[in-house]
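Here is the file structure_36.cif (mmCIF, C-alpha atoms).
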```cif
data_work
#
loop_
_atom_site.label_atom_id
_atom_site.label_comp_id
_atom_site.auth_asym_id
_atom_site.auth_seq_id
_atom_site.Cartn_x
_atom_site.Cartn_y
_atom_site.Cartn_z
CA MET A 4 -64.91 0.59 -5.80
CA PHE A 5 -63.76 -2.61 -4.12
CA ASP A 6 -64.94 -4.67 -7.13
CA GLN A 7 -63.06 -2.40 -9.54
CA LYS A 8 -59.85 -2.84 -7.54
CA GLY A 9 -60.27 -6.58 -7.69
CA GLN A 10 -60.79 -6.51 -11.46
CA THR A 11 -57.73 -4.29 -11.94
CA ARG A 12 -55.65 -6.68 -9.87
CA ILE A 13 -56.88 -9.64 -11.91
CA ILE A 14 -56.02 -7.81 -15.13
CA GLU A 15 -52.56 -6.97 -13.77
CA ALA A 16 -52.03 -10.58 -12.76
CA PHE A 17 -53.07 -11.73 -16.25
CA LEU A 18 -50.70 -9.18 -17.78
CA ALA A 19 -47.84 -10.45 -15.59
CA ILE A 20 -48.62 -14.04 -16.59
CA ALA A 21 -48.80 -12.98 -20.26
CA VAL A 22 -45.40 -11.30 -20.02
CA ILE A 23 -43.78 -14.39 -18.49
CA PHE A 24 -45.44 -16.71 -21.02
CA SER A 25 -44.46 -14.58 -24.00
CA VAL A 26 -40.83 -14.58 -22.83
CA LEU A 27 -40.93 -18.34 -22.40
CA LEU A 28 -42.39 -18.66 -25.90
CA ILE A 29 -39.65 -16.43 -27.33
CA SER A 30 -36.90 -18.45 -25.67
CA VAL A 31 -38.42 -21.73 -26.92
CA THR A 32 -38.52 -20.42 -30.49
CA PHE A 33 -34.89 -19.19 -30.31
CA PRO A 34 -32.59 -21.26 -32.53
CA SER A 35 -31.13 -23.97 -30.36
CA SER A 36 -27.42 -23.77 -29.68
CA PRO A 37 -25.57 -26.08 -32.07
CA ASN A 38 -24.07 -29.18 -30.54
CA LEU A 39 -20.41 -28.18 -30.66
CA ASP A 40 -19.01 -31.55 -29.69
CA ARG A 41 -20.74 -33.25 -32.59
CA GLN A 42 -19.74 -30.48 -35.00
CA LYS A 43 -16.16 -30.56 -33.75
CA PHE A 44 -16.06 -34.33 -34.16
CA LEU A 45 -17.35 -34.00 -37.73
CA ALA A 46 -14.85 -31.29 -38.65
CA ASN A 47 -11.95 -33.18 -37.06
CA SER A 48 -12.95 -36.45 -38.74
CA GLY A 49 -13.17 -34.74 -42.13
CA THR A 50 -9.78 -33.05 -41.82
CA GLN A 51 -8.10 -36.18 -40.45
CA VAL A 52 -9.45 -38.26 -43.33
CA LEU A 53 -8.16 -35.75 -45.89
CA ILE A 54 -4.75 -35.62 -44.16
CA LYS A 55 -4.62 -39.42 -44.11
CA LEU A 56 -5.41 -39.57 -47.84
CA ASP A 57 -2.88 -36.84 -48.57
CA ALA A 58 -0.06 -38.24 -46.41
CA ASN A 59 1.53 -40.30 -49.17
CA GLY A 60 0.26 -38.16 -52.04
CA THR A 61 -2.71 -40.38 -52.89
CA LEU A 62 -5.26 -37.56 -52.67
CA GLY A 63 -3.45 -35.30 -55.15
CA ASN A 64 -2.83 -38.18 -57.55
CA LEU A 65 -6.48 -39.26 -57.50
CA ILE A 66 -7.57 -35.68 -58.20
CA MET A 67 -5.10 -35.40 -61.10
CA GLN A 68 -6.45 -38.67 -62.51
CA GLU A 69 -9.98 -37.28 -61.96
CA ASN A 70 -10.79 -40.56 -60.25
CA TRP A 71 -13.79 -39.20 -58.33
CA THR A 72 -15.17 -42.71 -57.74
CA ALA A 73 -12.01 -43.73 -55.88
CA ILE A 74 -12.09 -40.55 -53.80
CA LYS A 75 -15.75 -41.13 -52.89
CA ARG A 76 -15.02 -44.76 -52.00
CA SER A 77 -12.07 -43.71 -49.82
CA LEU A 78 -14.18 -41.15 -47.96
CA ASP A 79 -16.96 -43.73 -47.55
CA ILE A 80 -14.50 -46.13 -45.94
CA LEU A 81 -12.55 -43.67 -43.81
CA LEU A 82 -15.38 -41.49 -42.45
CA PRO A 83 -17.42 -42.76 -39.49
CA ILE A 84 -20.68 -44.56 -40.20
CA GLY A 85 -23.67 -42.21 -40.24
CA VAL A 86 -21.83 -39.26 -41.75
CA SER A 87 -22.98 -37.71 -45.01
CA PHE A 88 -20.45 -35.82 -47.08
CA ASN A 89 -20.12 -33.69 -50.17
CA LEU A 90 -16.67 -32.89 -51.57
CA THR A 91 -15.98 -30.10 -54.04
CA VAL A 92 -12.54 -29.75 -55.62
CA TYR A 93 -11.25 -26.47 -57.03
CA ASP A 94 -8.03 -25.68 -58.85
CA GLU A 95 -5.67 -22.94 -57.67
CA ASN A 96 -7.83 -20.35 -59.46
CA LEU A 97 -10.88 -21.62 -57.54
CA ARG A 98 -12.53 -23.15 -60.60
CA GLN A 99 -14.48 -26.28 -59.74
CA ILE A 100 -12.88 -29.30 -61.37
CA ASN A 101 -14.86 -32.28 -60.14
CA SER A 102 -17.14 -33.07 -63.05
CA GLN A 103 -19.35 -35.33 -60.97
CA ALA A 104 -20.66 -35.05 -57.42
CA VAL A 105 -18.44 -36.65 -54.81
CA GLN A 106 -21.08 -37.32 -52.16
CA ASN A 107 -22.83 -40.21 -50.45
CA SER A 108 -26.16 -38.46 -49.87
CA ASN A 109 -27.83 -35.08 -50.10
CA LEU A 110 -26.97 -32.62 -47.34
CA LEU A 111 -30.01 -30.39 -47.93
CA SER A 112 -31.77 -29.22 -44.74
CA ARG A 113 -29.09 -30.73 -42.51
CA GLU A 114 -26.81 -28.95 -40.08
CA ALA A 115 -23.49 -29.30 -41.91
CA VAL A 116 -19.91 -28.31 -41.13
CA SER A 117 -17.49 -27.31 -43.83
CA VAL A 118 -13.78 -28.13 -43.90
CA GLN A 119 -11.34 -26.47 -46.28
CA TYR A 120 -8.16 -28.29 -47.27
CA ILE A 121 -5.25 -27.17 -49.45
CA CYS A 122 -3.54 -29.94 -51.37
CA ALA A 123 -0.44 -30.10 -53.56
CA ALA A 124 -0.19 -33.02 -55.95
CA GLN A 125 3.09 -34.91 -55.64
CA ASP A 126 3.64 -35.26 -59.34
CA LEU A 127 6.20 -34.42 -62.03
CA ASN A 128 3.99 -31.41 -62.79
CA VAL A 129 3.06 -30.10 -59.35
CA GLN A 130 -0.53 -28.84 -59.20
CA PHE A 131 -2.49 -27.24 -56.40
CA PHE A 132 -6.05 -27.85 -55.29
CA VAL A 133 -8.49 -26.41 -52.78
CA LEU A 134 -10.93 -28.95 -51.36
CA ARG A 135 -14.15 -28.13 -49.56
CA LEU A 136 -15.63 -31.05 -47.64
CA GLN A 137 -19.11 -30.61 -46.18
CA LEU A 138 -20.16 -33.07 -43.52
CA ALA A 139 -23.40 -33.75 -41.68
CA TRP A 140 -24.85 -36.47 -39.51
CA THR A 141 -27.34 -38.73 -41.24
CA ARG A 142 -30.67 -38.55 -39.43
CA MET B 170 -52.33 -0.09 4.37
CA SER B 171 -54.86 0.43 1.54
CA ARG B 172 -52.17 2.29 -0.50
CA LYS B 173 -49.83 -0.70 -0.12
CA ARG B 174 -52.56 -3.06 -1.28
CA SER B 175 -53.41 -0.92 -4.33
CA ASN B 176 -49.70 -0.97 -5.47
CA SER B 177 -49.26 -4.75 -5.22
CA GLY B 178 -50.56 -5.38 -8.77
CA GLN B 179 -48.03 -2.97 -10.26
CA ILE B 180 -45.25 -4.62 -8.24
CA LEU B 181 -46.39 -7.97 -9.66
CA LEU B 182 -46.11 -6.56 -13.19
CA ILE B 183 -42.68 -5.05 -12.52
CA ALA B 184 -41.53 -8.35 -11.02
CA ALA B 185 -42.84 -10.14 -14.12
CA PHE B 186 -40.91 -7.77 -16.38
CA ILE B 187 -37.73 -8.28 -14.33
CA MET B 188 -38.16 -12.05 -14.50
CA ALA B 189 -38.80 -11.84 -18.24
CA SER B 190 -35.69 -9.79 -18.86
CA LEU B 191 -33.64 -12.17 -16.68
CA LEU B 192 -34.92 -15.16 -18.66
CA LEU B 193 -34.17 -13.46 -21.97
CA SER B 194 -30.68 -12.35 -20.99
CA ALA B 195 -29.89 -15.84 -19.65
CA GLN B 196 -31.04 -17.34 -22.94
CA LEU B 197 -28.96 -14.85 -24.94
CA TYR B 198 -25.91 -15.54 -22.76
CA ILE B 199 -26.21 -19.30 -23.32
CA LEU B 200 -26.41 -18.72 -27.08
CA GLU B 201 -23.41 -16.40 -27.03
CA VAL B 202 -21.33 -18.86 -25.01
CA GLY B 203 -22.35 -21.59 -27.44
CA LYS B 204 -20.85 -19.61 -30.27
CA THR B 205 -17.38 -19.62 -28.68
CA THR B 206 -15.40 -21.97 -30.85
CA GLY B 207 -11.90 -21.32 -29.60
CA GLU B 208 -11.10 -24.97 -29.03
CA LEU B 209 -12.56 -25.92 -32.39
CA GLU B 210 -10.39 -23.32 -34.11
CA SER B 211 -7.31 -24.47 -32.23
CA ASP B 212 -7.74 -28.05 -33.49
CA SER B 213 -8.46 -26.78 -36.98
CA LEU B 214 -5.36 -24.60 -36.91
CA ASN B 215 -3.16 -27.56 -35.94
CA ASP B 216 -4.67 -29.58 -38.79
CA PHE B 217 -4.11 -26.66 -41.16
CA LEU B 218 -0.43 -26.47 -40.16
CA LEU B 219 -0.07 -30.23 -40.65
CA ALA B 220 -1.71 -30.04 -44.08
CA MET B 221 0.53 -27.11 -45.03
CA LYS B 222 3.68 -29.07 -44.12
CA LEU B 223 2.39 -32.10 -46.02
CA GLY B 224 1.78 -29.89 -49.05
CA SER B 225 5.24 -28.35 -48.77
CA ARG B 226 6.71 -31.85 -48.76
CA HIS B 227 4.70 -32.85 -51.83
CA VAL B 228 5.83 -29.71 -53.67
CA VAL B 229 9.51 -30.43 -52.93
CA ILE B 230 9.16 -34.11 -53.91
CA GLY B 231 7.27 -33.30 -57.12
CA SER B 232 9.78 -30.61 -58.06
CA LEU B 233 12.74 -32.94 -57.44
CA ALA B 234 11.05 -35.64 -59.52
CA ASN B 235 10.60 -33.12 -62.33
CA ILE B 236 14.17 -31.78 -62.17
CA SER B 237 15.84 -35.20 -61.83
CA ASN B 238 13.93 -36.30 -64.94
CA GLY B 239 15.29 -33.41 -66.98
CA GLY B 240 13.25 -30.42 -65.79
CA GLN B 241 14.79 -27.01 -65.10
CA SER B 242 16.35 -26.44 -61.69
CA GLY B 243 14.28 -23.26 -61.28
CA ASN B 244 11.10 -25.38 -61.11
CA LEU B 245 11.54 -25.92 -57.37
CA ALA B 246 11.51 -22.20 -56.60
CA GLY B 247 8.67 -21.66 -59.09
CA ASN B 248 6.46 -24.32 -57.51
CA LEU B 249 7.25 -23.09 -53.99
CA ARG B 250 6.30 -19.54 -55.03
CA LYS B 251 2.87 -20.78 -56.14
CA TRP B 252 2.45 -22.84 -52.97
CA SER B 253 3.34 -19.99 -50.61
CA SER B 254 1.04 -17.68 -52.54
CA LEU B 255 -1.86 -20.15 -52.18
CA ILE B 256 -1.22 -20.57 -48.44
CA SER B 257 -1.01 -16.81 -47.97
CA GLU B 258 -4.47 -16.48 -49.54
CA GLN B 259 -6.02 -18.54 -46.73
CA TYR B 260 -7.69 -16.30 -44.17
CA GLN B 261 -9.64 -18.82 -42.04
CA PHE B 262 -7.46 -18.13 -39.01
CA GLY B 263 -6.07 -14.68 -39.75
CA LYS B 264 -3.37 -13.26 -41.96
CA SER B 265 -1.13 -16.11 -43.17
CA VAL B 266 2.32 -15.62 -44.66
CA LEU B 267 4.43 -18.57 -45.85
CA THR B 268 7.94 -17.72 -47.00
CA TYR B 269 10.51 -20.13 -48.39
CA ALA B 270 14.23 -20.19 -49.22
CA VAL B 271 15.85 -22.83 -51.38
CA LYS B 272 19.29 -23.95 -50.18
CA GLU B 273 22.14 -22.26 -51.98
CA THR B 274 25.09 -23.56 -49.96
CA ALA B 275 27.27 -26.21 -51.62
CA PRO B 276 26.61 -28.84 -52.81
CA TYR B 277 23.12 -27.41 -53.37
CA SER B 278 22.26 -24.92 -56.08
CA SER B 279 18.72 -23.54 -56.41
CA GLY B 280 17.83 -26.04 -53.68
CA ILE B 281 18.88 -29.02 -55.83
CA TRP B 282 21.85 -31.39 -55.56
CA THR B 283 22.33 -34.20 -58.06
CA SER B 284 25.46 -36.29 -57.86
CA TRP B 285 25.43 -39.23 -60.23
CA SER B 286 29.01 -40.30 -59.78
CA VAL B 287 31.16 -43.17 -61.04
CA ASN B 288 32.09 -44.44 -57.60
CA GLY B 289 28.90 -46.39 -57.05
CA THR B 290 26.91 -43.63 -55.37
CA GLY B 291 24.08 -41.58 -56.83
CA ILE B 292 22.18 -38.81 -55.07
CA SER B 293 19.19 -36.67 -56.07
CA SER B 294 18.29 -34.21 -53.36
CA ALA B 295 16.24 -31.07 -52.76
CA TYR B 296 16.34 -28.74 -49.74
CA ALA B 297 14.12 -25.81 -48.80
CA ASN B 298 13.52 -23.82 -45.61
CA PHE B 299 10.08 -22.46 -44.72
CA THR B 300 8.79 -19.86 -42.30
CA TYR B 301 5.09 -19.60 -41.56
CA LYS B 302 3.59 -16.63 -39.75
CA LEU B 303 -0.03 -16.25 -38.74
CA SER B 304 -1.27 -13.13 -37.00
CA ASP B 305 -4.75 -12.72 -35.63
CA ARG B 306 -6.39 -11.00 -32.66
CA GLU B 307 -6.39 -14.24 -30.66
CA VAL B 308 -3.54 -16.32 -32.05
CA ASN B 309 -0.01 -15.76 -33.29
CA VAL B 310 2.00 -18.49 -34.96
CA ASP B 311 5.63 -18.24 -36.01
CA GLN B 312 6.99 -21.59 -37.18
CA SER B 313 10.07 -22.58 -39.14
CA TYR B 314 10.58 -25.92 -40.76
CA PHE B 315 12.60 -27.45 -43.57
CA MET B 316 12.14 -30.13 -46.19
CA ASN B 317 15.10 -32.26 -47.19
CA ILE B 318 14.13 -34.86 -49.75
CA THR B 319 16.92 -37.23 -50.80
CA THR B 320 16.90 -40.32 -52.95
CA ALA B 321 20.22 -42.16 -52.85
CA VAL B 322 21.42 -45.30 -54.58
CA PHE B 323 24.51 -47.32 -53.73
CA ILE B 324 25.77 -50.04 -56.04
CA GLU B 325 28.46 -52.68 -55.77
CA SER B 326 29.40 -54.71 -58.79
CA SER B 327 31.56 -57.77 -59.21
CA TYR B 328 32.26 -60.15 -62.06
CA GLN B 329 33.90 -63.48 -62.79
CA THR B 330 35.13 -64.71 -66.13
CA VAL B 331 33.11 -67.67 -67.34
CA SER B 332 35.12 -68.37 -70.47
CA GLY B 333 37.14 -66.18 -72.83
CA ASP B 334 35.54 -62.74 -72.80
CA THR B 335 32.28 -63.99 -71.33
CA LYS B 336 31.72 -62.62 -67.88
CA GLN B 337 29.12 -63.18 -65.18
CA VAL B 338 28.31 -59.82 -63.60
CA ASN B 339 26.50 -59.33 -60.28
CA VAL B 340 25.27 -55.89 -59.20
CA THR B 341 23.97 -55.22 -55.68
CA ILE B 342 21.75 -52.15 -55.49
CA SER B 343 20.60 -50.35 -52.33
CA LEU B 344 17.99 -47.63 -52.65
CA LEU B 345 17.28 -45.13 -49.88
CA ASN B 346 14.71 -42.37 -49.34
CA GLU B 347 15.82 -39.95 -46.60
CA GLU B 348 18.31 -42.60 -45.41
CA ALA B 349 15.59 -45.25 -45.05
CA PRO B 350 15.30 -48.25 -47.36
CA ALA B 351 12.91 -47.59 -50.23
CA LEU B 352 11.39 -49.48 -53.12
CA ALA B 353 12.10 -48.74 -56.75
CA LYS B 354 9.45 -48.18 -59.38
CA GLN B 355 11.78 -48.83 -62.26
CA ILE B 356 15.36 -50.14 -62.53
CA ALA B 357 17.48 -50.18 -65.67
CA ILE B 358 20.97 -51.70 -65.73
CA TYR B 359 23.58 -51.04 -68.39
CA TYR B 360 27.07 -52.40 -69.02
CA ARG B 361 29.73 -50.80 -71.10
CA PHE B 362 30.75 -52.53 -74.31
CA LEU B 363 33.45 -50.66 -76.22
CA ASP B 364 32.09 -47.09 -76.46
CA SER B 365 28.41 -47.76 -75.92
CA TRP B 366 26.13 -48.76 -73.08
CA GLN B 367 24.23 -52.02 -73.54
CA ILE B 368 21.10 -53.20 -71.78
CA PRO B 369 21.29 -56.84 -70.69
CA ASP B 370 18.20 -58.85 -71.62
CA ALA B 371 16.98 -62.43 -71.63
CA THR B 372 19.76 -63.44 -74.04
CA ASN B 373 22.19 -62.37 -71.31
CA ASN B 374 20.38 -64.49 -68.68
CA TYR B 375 19.44 -61.21 -67.06
CA ASN B 376 17.80 -61.66 -63.70
CA ILE B 377 16.99 -59.29 -60.87
CA LEU B 378 16.07 -60.27 -57.32
CA ASP B 379 13.95 -57.92 -55.21
CA TYR B 380 14.50 -58.44 -51.48
CA GLY B 381 11.61 -56.12 -50.63
CA ASN B 382 13.75 -53.94 -48.38
CA GLY B 383 15.32 -51.62 -50.94
CA THR B 384 17.99 -54.14 -51.89
CA TYR B 385 18.11 -55.61 -55.38
CA ILE B 386 20.64 -58.00 -56.88
CA ALA B 387 20.92 -58.08 -60.64
CA SER B 388 22.98 -60.62 -62.56
CA PHE B 389 23.73 -61.18 -66.22
CA VAL B 390 26.25 -62.79 -68.53
CA ALA B 391 27.86 -60.68 -71.23
CA ASN B 392 30.67 -60.68 -73.69
CA ILE B 393 32.90 -57.86 -72.51
CA LEU B 394 36.31 -57.49 -74.12
CA SER B 395 37.82 -55.26 -71.48
CA GLN B 396 38.82 -56.31 -67.98
CA ASN B 397 37.28 -53.02 -66.89
CA VAL B 398 33.64 -54.01 -66.45
CA GLU B 399 31.65 -50.81 -66.02
CA VAL B 400 28.00 -50.87 -65.04
CA SER B 401 25.44 -48.12 -64.73
CA VAL B 402 22.21 -48.33 -62.74
CA HIS B 403 19.32 -45.96 -63.48
CA ILE B 404 16.51 -45.96 -60.94
CA VAL B 405 13.16 -44.22 -60.57
CA ASP B 406 11.82 -44.52 -57.03
CA GLN B 407 8.15 -44.74 -56.02
CA ARG B 408 8.06 -40.92 -55.85
CA GLU B 409 9.18 -40.66 -59.50
CA ILE B 410 12.58 -39.28 -58.44
CA TYR B 411 15.31 -40.36 -60.82
CA VAL B 412 18.85 -41.24 -59.70
CA GLN B 413 21.72 -43.05 -61.30
CA ALA B 414 25.10 -44.43 -60.27
CA ASN B 415 28.02 -45.91 -62.18
CA ALA B 416 30.63 -48.32 -60.89
CA THR B 417 33.53 -50.41 -62.09
CA SER B 418 33.16 -54.06 -61.20
CA THR B 419 35.71 -55.87 -59.15
CA GLN B 420 36.90 -59.26 -60.31
CA ILE B 421 36.27 -62.21 -58.01
#
```

Just give me the structure as structure tokens.
Amino acid sequence: MFDQKGQTRIIEAFLAIAVIFSVLLISVTFPSSPNLDRQKFLANSGTQVLIKLDANGTLGNLIMQENWTAIKRSLDILLPIGVSFNLTVYDENLRQINSQAVQNSNLLSREAVSVQYICAAQDLNVQFFVLRLQLAWTR
Amino acid sequence: MSRKRSNSGQILLIAAFIMASLLLSAQLYILEVGKTTGELESDSLNDFLLAMKLGSRHVVIGSLANISNGGQSGNLAGNLRKWSSLISEQYQFGKSVLTYAVKETAPYSSGIWTSWSVNGTGISSAYANFTYKLSDREVNVDQSYFMNITTAVFIESSYQTVSGDTKQVNVTISLLNEEAPALAKQIAIYYRFLDSWQIPDATNNYNILDYGNGTYIASFVANILSQNVEVSVHIVDQREIYVQANATSTQI
């Protein structure tokens, strides 16, 4: 009888340990909370760069000229080092208009933030564009 | 005593379950707090408002450039309608509504004022008022702003008789964008000969000096029969806005 009690207690202790360990395992496998400061910095940098390019109408003019190389070069220069980007440009009817990729590297499998920007081209024929800039830190 | 001892294993299990649930709820709470992006949205909203005002400015400038180059005066309202519609389709922060009103009080009509007078002053201007409203569960924005885009040119012309009907004409041109000195993209100068306007060229010793601060001095020599030496300056600024001014030269 005494031996049985001892075995039961050992089993209960093992069960308790198993419960605690399984919870610890679950919490470890939970998706980690995204680093908001880094994401915020990325989103702010992206928007600020687009605003800077748009301030004197350069952004809209480059899009109208379909000068994707110049836009990529500008983003390369203005964004912080170590940031990967991918820019997609749509017209006012949300049809993609950039015929070639405006990106410095592939963003696949990276934690990216997306910034949406509305742009009006300062031109004799005013046109409107929706820009989606995806940004991620280079590993 | 023996009953107490026999229950201790169950208490251990219950305690383990309580600890497990505490750990899990703490983990879930941390994740939930991590999802709160209020500050992030606030910064993004400010950037969105800035971008919207920039876009409004570009629309007004582009429309004025179009109209001053011969486009219809209704183009300003038409472009603003498209712009406000596009802004109102943005739902990142809640329900957005951008309304506009082009200025209709004199001297503006349909938001446009062009005055290309003969007294040495030329003005091409556009004016529109905007109201932006954003309503969401957490944020409410109600902002009014206006866009007044004005390209102005002021000219002063003088001449001196070189010999007979040959006159040396000097034209001083000042170009302004929103009352600040601005650079020209293109300048064309004409002088009146009988009933037609002539463009001075190299045969007229035409020369123009750019002072880099919005001031230009043009000079040329021309055979002008009349003592009334009329000049006309046509300018396109860096924003493609066209403006012109005419003046009668004073003799020195």

Which residues, written as a PyMOL selection string, have at least one atom at most 7 Å from Leu110 of chain A, with all atoms listed in the file counted and residues fewer than 2 positions away on the same chain left out? chain A and resi 87+108+112-113+139

Please evaluate the PyMOL selection byres ((chain A) within 6 of (chain B)) against the structure above and give the resulting residues as a PyMOL selection string. chain A and resi 12+15+19+23+26+36+122-123+125-127+129

Tell me which protein, DNA and RNA residues are within 9 Å of segment 336-340 of chain B, counting only C-alpha atoms, leaving out same-chain ones fewer than 6 positions away, and put them as an mmCIF file with C-alpha atoms, keeping the file's coordinate frame.
```
data_model
loop_
_atom_site.group_PDB
_atom_site.id
_atom_site.type_symbol
_atom_site.label_atom_id
_atom_site.label_comp_id
_atom_site.auth_asym_id
_atom_site.auth_seq_id
_atom_site.Cartn_x
_atom_site.Cartn_y
_atom_site.Cartn_z
ATOM 1 C CA ILE B 324 25.770 -50.040 -56.040
ATOM 2 C CA GLU B 325 28.460 -52.680 -55.770
ATOM 3 C CA SER B 326 29.400 -54.710 -58.790
ATOM 4 C CA SER B 327 31.560 -57.770 -59.210
ATOM 5 C CA TYR B 328 32.260 -60.150 -62.060
ATOM 6 C CA GLN B 329 33.900 -63.480 -62.790
ATOM 7 C CA THR B 330 35.130 -64.710 -66.130
ATOM 8 C CA ILE B 358 20.970 -51.700 -65.730
ATOM 9 C CA TYR B 385 18.110 -55.610 -55.380
ATOM 10 C CA ILE B 386 20.640 -58.000 -56.880
ATOM 11 C CA ALA B 387 20.920 -58.080 -60.640
ATOM 12 C CA SER B 388 22.980 -60.620 -62.560
ATOM 13 C CA PHE B 389 23.730 -61.180 -66.220
ATOM 14 C CA VAL B 390 26.250 -62.790 -68.530
ATOM 15 C CA ALA B 391 27.860 -60.680 -71.230
ATOM 16 C CA ASN B 392 30.670 -60.680 -73.690
ATOM 17 C CA ILE B 393 32.900 -57.860 -72.510
ATOM 18 C CA VAL B 398 33.640 -54.010 -66.450
ATOM 19 C CA VAL B 400 28.000 -50.870 -65.040
ATOM 20 C CA VAL B 402 22.210 -48.330 -62.740
ATOM 21 C CA SER B 418 33.160 -54.060 -61.200
#
```

One decimal, Å: what's the distance from atom CA of Asn317 of chain B over to atom CA of Gly60 of chain A, could you say? 16.7 Å

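The closest residue to Met316 of chain B, picked from B:Tyr198, B:Phe362, B:Tyr380, B:Tyr269 and counting all atoms listed in the file, is B:Tyr269.
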
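The space between atom CA of Tyr411 of chain B and atom CA of Ser395 of chain B spans 29.0 Å.
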
For Thr300 of chain B, work out the shell of residues within 12 Å, counting only C-alpha atoms and skipping chain neighbours fewer than 3 positions away, then give it as a list in words. Leu218, Met221, Lys222, Ser225, Ser253, Ile256, Ser257, Ser265, Val266, Leu267, Thr268, Tyr269, Ala270, Val271, Ala297, Leu303, Val310, Asp311, Gln312, Ser313, Tyr314, Phe315 and Met316 of chain B
